[in-house]
Structures are given as structure tokens and as C-alpha cells.
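Here's the structure, in C-alpha cells; my notes come after.
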Amino acid sequence: MDQQSEFSVIFYEKEDVTDPEEKDRNVLLERGLRRTFDALKAHNKQVIFVMDNLDFSYDPNSCTERPFNLVTKSEDYYKKCNPSRKKLENNYIRIWYNGILKKVASDYDNVTLFKAFYSLCNKEICPIVKDGQVLYRDDDHVSNAGARLLAKDLLNVIFK
């Protein structure tokens, strides 16, 4: 195994190389996370796992365009560009994934979970544009401006 791939562990595949017959995605995800965390712990690594940021079903860059008609589209535009935090957090895939992640991480004293939601959202909404800067480069990756927001809070976790 080359040095680069030594720590490259895939969390979730259609097959688990340790048990190719296993098809339960819950089992596969948990095994992959444990395999990864075990390898890092064996090398005395402290882990800060950055949990998923937001995931949109549209291009967030559309929020930089001025609505065609401010009178009739302003409410729709506001909702689209400032989605409800509660709705985004309650995505069934996010709930499934984070549930397994939290369960597994709780078994490791060297793993800290960092919730991107806390840096990118307030209590009510998750604005796509903040201080004139788009926080996402596509439907599920942060832009440089979004990364700066995350980094500020992440540095506080790293250097606590």
C-alpha cells in the first residue's frame, strides 16, 4: 500500500471488502467510519470531523442575481436565498448519516465533531449570501467566503 492511500478510507461503498456480501448501508457506513477512526487512533491522531454543510437542490449562485420583479418575487426570492435552518437540518439523509456518525464518534475520545451548520446559519435561516458574499460555489460545497466563515470557528476548535 503506498503512503498516500494508507489513510484513504472510503466510508461507504456498495461493497465492503471485509464482507462483500454485506449490503446494509447502515452497517457499511458504520464499518467504514470505525475503520477510519481506528486507523487514525492507532497513529495517535486527534480528529476534527467536519460534518456536512448545507445541500441545496438548486444553484446558490442564482441568489446573486437580482429578482426580475422585486414586488412579485421578493418573498419567493427571500425564501429561496434564506432557507429555513430547521428544514435543511431535517433532511432524512442528513439525519441518517449524522445519527450513525454521532453514534460511532461517541466511542472515540480522539474524535471531535464540528457542525458546519453553526458557522453558516443563525437560529432561523441559513443565508446563501452574507455580507454580499455567496457562501456556496455549488449546491453542496462552500465557496471561499463560506470556507472563511467555517475556518474562523474551526480554528477555535483546533486551538482550544
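To be explicit about the labels: the chains of the C-alpha cells are called A, B, and onward in the order shown, and within each one the residues are counted from 1, while ligands get numbers from 1 in the order they are shown.
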
Check your understanding: Residues at most 9 Å from Leu88 in chain A, counting only C-alpha atoms, excluding those fewer than 3 positions away in the same chain, as a ChimeraX atom specification?
Key -> /A:54-56,83-85,91,94,126

**Study point:** Among the residues A:Asp38, A:Glu75, A:Asp153, A:Asp59, the one that comes closest to Arg137 in chain A [using only C-alpha atoms]
**Key:**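 Looking at the shortest contact to Arg137 in chain A, the residue is A:Asp59.
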
Practice item. Check the DSSP output for the backbone and give back, as a PyMOL selection string, the residues of chain A in helix (DSSP H, G or I). Key: chain A and resi 5-7+25-42+60-64+70-81+85-89+92-105+116-120+144-158

Practice item. Determine, counting only C-alpha atoms, which protein, DNA and RNA residues have an atom within 12 Å of an atom of Asp107 in chain A; residues of the same chain fewer than 2 positions away are not included. Present the result as a PyMOL selection string. Key: chain A and resi 30+33-34+37-38+41+100-105+109-112

Write to file, as a tab-separated table (two decimals), in the first residue's frame, the residues of the selection just made, with all heavy atoms.
```
chain	number	residue	atom	x	y	z
A	30	GLU	N	-21.23	2.49	9.12
A	30	GLU	CA	-20.64	2.37	10.45
A	30	GLU	C	-19.28	1.69	10.38
A	30	GLU	O	-18.31	2.14	11.00
A	30	GLU	CB	-21.56	1.60	11.39
A	30	GLU	CG	-21.00	1.53	12.80
A	30	GLU	CD	-21.96	0.98	13.83
A	30	GLU	OE1	-23.19	0.98	13.61
A	30	GLU	OE2	-21.45	0.54	14.88
A	33	LEU	N	-16.68	4.15	8.91
A	33	LEU	CA	-16.29	5.18	9.89
A	33	LEU	C	-15.37	4.58	10.95
A	33	LEU	O	-14.34	5.16	11.30
A	33	LEU	CB	-17.53	5.79	10.54
A	33	LEU	CG	-18.35	6.72	9.67
A	33	LEU	CD1	-19.71	7.01	10.30
A	33	LEU	CD2	-17.59	8.02	9.41
A	34	ARG	N	-15.75	3.43	11.47
A	34	ARG	CA	-14.92	2.79	12.51
A	34	ARG	C	-13.54	2.43	11.98
A	34	ARG	O	-12.52	2.62	12.66
A	34	ARG	CB	-15.62	1.56	13.07
A	34	ARG	CG	-16.81	1.90	13.94
A	34	ARG	CD	-17.37	0.71	14.70
A	34	ARG	NE	-18.59	1.10	15.38
A	34	ARG	CZ	-18.64	1.81	16.51
A	34	ARG	NH1	-17.52	2.20	17.09
A	34	ARG	NH2	-19.80	2.12	17.06
A	37	PHE	N	-11.64	5.76	11.82
A	37	PHE	CA	-11.29	6.27	13.15
A	37	PHE	C	-10.29	5.37	13.86
A	37	PHE	O	-9.41	5.84	14.58
A	37	PHE	CB	-12.54	6.47	14.00
A	37	PHE	CG	-13.46	7.57	13.51
A	37	PHE	CD1	-14.79	7.59	13.88
A	37	PHE	CD2	-13.01	8.60	12.69
A	37	PHE	CE1	-15.65	8.59	13.44
A	37	PHE	CE2	-13.86	9.60	12.25
A	37	PHE	CZ	-15.18	9.60	12.63
A	38	ASP	N	-10.42	4.05	13.67
A	38	ASP	CA	-9.45	3.11	14.26
A	38	ASP	C	-8.05	3.36	13.71
A	38	ASP	O	-7.07	3.38	14.47
A	38	ASP	CB	-9.85	1.66	13.99
A	38	ASP	CG	-11.03	1.18	14.82
A	38	ASP	OD1	-11.36	1.82	15.85
A	38	ASP	OD2	-11.64	0.16	14.43
A	41	LYS	N	-6.73	6.62	15.16
A	41	LYS	CA	-6.41	6.46	16.59
A	41	LYS	C	-5.13	5.64	16.76
A	41	LYS	O	-4.29	5.95	17.62
A	41	LYS	CB	-7.57	5.81	17.33
A	41	LYS	CG	-7.35	5.77	18.83
A	41	LYS	CD	-8.58	5.37	19.58
A	41	LYS	CE	-8.30	5.37	21.06
A	41	LYS	NZ	-9.08	6.31	21.80
A	100	ILE	N	-25.64	7.97	12.56
A	100	ILE	CA	-24.59	6.94	12.60
A	100	ILE	C	-23.24	7.56	12.97
A	100	ILE	O	-22.50	7.04	13.79
A	100	ILE	CB	-24.53	6.17	11.27
A	100	ILE	CG1	-25.82	5.36	11.09
A	100	ILE	CG2	-23.31	5.26	11.22
A	100	ILE	CD1	-25.99	4.69	9.75
A	101	LEU	N	-22.94	8.71	12.38
A	101	LEU	CA	-21.68	9.39	12.67
A	101	LEU	C	-21.57	9.72	14.16
A	101	LEU	O	-20.54	9.45	14.78
A	101	LEU	CB	-21.57	10.66	11.83
A	101	LEU	CG	-20.37	11.56	12.12
A	101	LEU	CD1	-19.05	10.82	11.88
A	101	LEU	CD2	-20.44	12.82	11.26
A	102	LYS	N	-22.61	10.28	14.75
A	102	LYS	CA	-22.57	10.64	16.18
A	102	LYS	C	-22.42	9.40	17.05
A	102	LYS	O	-21.67	9.41	18.03
A	102	LYS	CB	-23.83	11.41	16.56
A	102	LYS	CG	-23.87	12.81	16.00
A	102	LYS	CD	-25.20	13.47	16.28
A	102	LYS	CE	-25.30	14.82	15.61
A	102	LYS	NZ	-26.62	15.44	15.79
A	103	LYS	N	-23.13	8.34	16.70
A	103	LYS	CA	-23.04	7.08	17.45
A	103	LYS	C	-21.61	6.56	17.44
A	103	LYS	O	-21.05	6.21	18.47
A	103	LYS	CB	-24.00	6.05	16.85
A	103	LYS	CG	-23.88	4.66	17.43
A	103	LYS	CD	-24.75	3.68	16.66
A	103	LYS	CE	-24.31	2.27	16.94
A	103	LYS	NZ	-24.83	1.32	15.98
A	104	VAL	N	-21.01	6.50	16.26
A	104	VAL	CA	-19.65	5.97	16.13
A	104	VAL	C	-18.64	6.89	16.80
A	104	VAL	O	-17.79	6.44	17.58
A	104	VAL	CB	-19.29	5.76	14.63
A	104	VAL	CG1	-17.83	5.40	14.47
A	104	VAL	CG2	-20.18	4.68	14.02
A	105	ALA	N	-18.73	8.19	16.55
A	105	ALA	CA	-17.76	9.15	17.11
A	105	ALA	C	-17.77	9.14	18.64
A	105	ALA	O	-16.73	9.36	19.26
A	105	ALA	CB	-18.05	10.55	16.58
A	109	ASP	N	-12.38	8.81	21.88
A	109	ASP	CA	-12.01	10.01	22.64
A	109	ASP	C	-11.12	10.96	21.84
A	109	ASP	O	-10.87	12.08	22.25
A	109	ASP	CB	-11.35	9.64	23.96
A	109	ASP	CG	-10.07	8.82	23.79
A	109	ASP	OD1	-9.70	8.51	22.63
A	109	ASP	OD2	-9.45	8.49	24.81
A	110	ASN	N	-10.67	10.52	20.68
A	110	ASN	CA	-9.82	11.37	19.84
A	110	ASN	C	-10.59	12.04	18.70
A	110	ASN	O	-10.00	12.70	17.86
A	110	ASN	CB	-8.68	10.54	19.24
A	110	ASN	CG	-9.17	9.48	18.28
A	110	ASN	OD1	-10.15	8.78	18.55
A	110	ASN	ND2	-8.49	9.33	17.16
A	111	VAL	N	-11.92	11.89	18.68
A	111	VAL	CA	-12.73	12.45	17.60
A	111	VAL	C	-13.64	13.56	18.13
A	111	VAL	O	-14.39	13.36	19.10
A	111	VAL	CB	-13.59	11.36	16.91
A	111	VAL	CG1	-14.51	11.97	15.87
A	111	VAL	CG2	-12.69	10.30	16.28
A	112	THR	N	-13.57	14.71	17.49
A	112	THR	CA	-14.45	15.83	17.78
A	112	THR	C	-15.27	16.11	16.53
A	112	THR	O	-14.72	16.16	15.43
A	112	THR	CB	-13.64	17.10	18.13
A	112	THR	OG1	-12.84	16.83	19.28
A	112	THR	CG2	-14.54	18.29	18.39
```

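The protein and nucleic acid residues lying at most 7 Å from range 140-152 of chain A are Leu54, Asp55, Phe56, Ala116, Ser119, Gln133, Val134, Leu135, Tyr136 and Asn156 of chain A, with only C-alpha atoms considered and sequence neighbours fewer than 4 positions away removed.
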
Review point. For Leu155 in chain A, which residue out of A:Tyr118, A:Asp139, A:Ile48, A:Asn53 is the nearest one, using only C-alpha atoms?
Key: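 Answer, going by the shortest atom-to-atom distance: A:Ile48.
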
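Residue nearest Asn82 in chain A, chosen from A:Gly99, A:Pro127, A:Gly32, A:Pro60 and counting only C-alpha atoms: A:Pro127.
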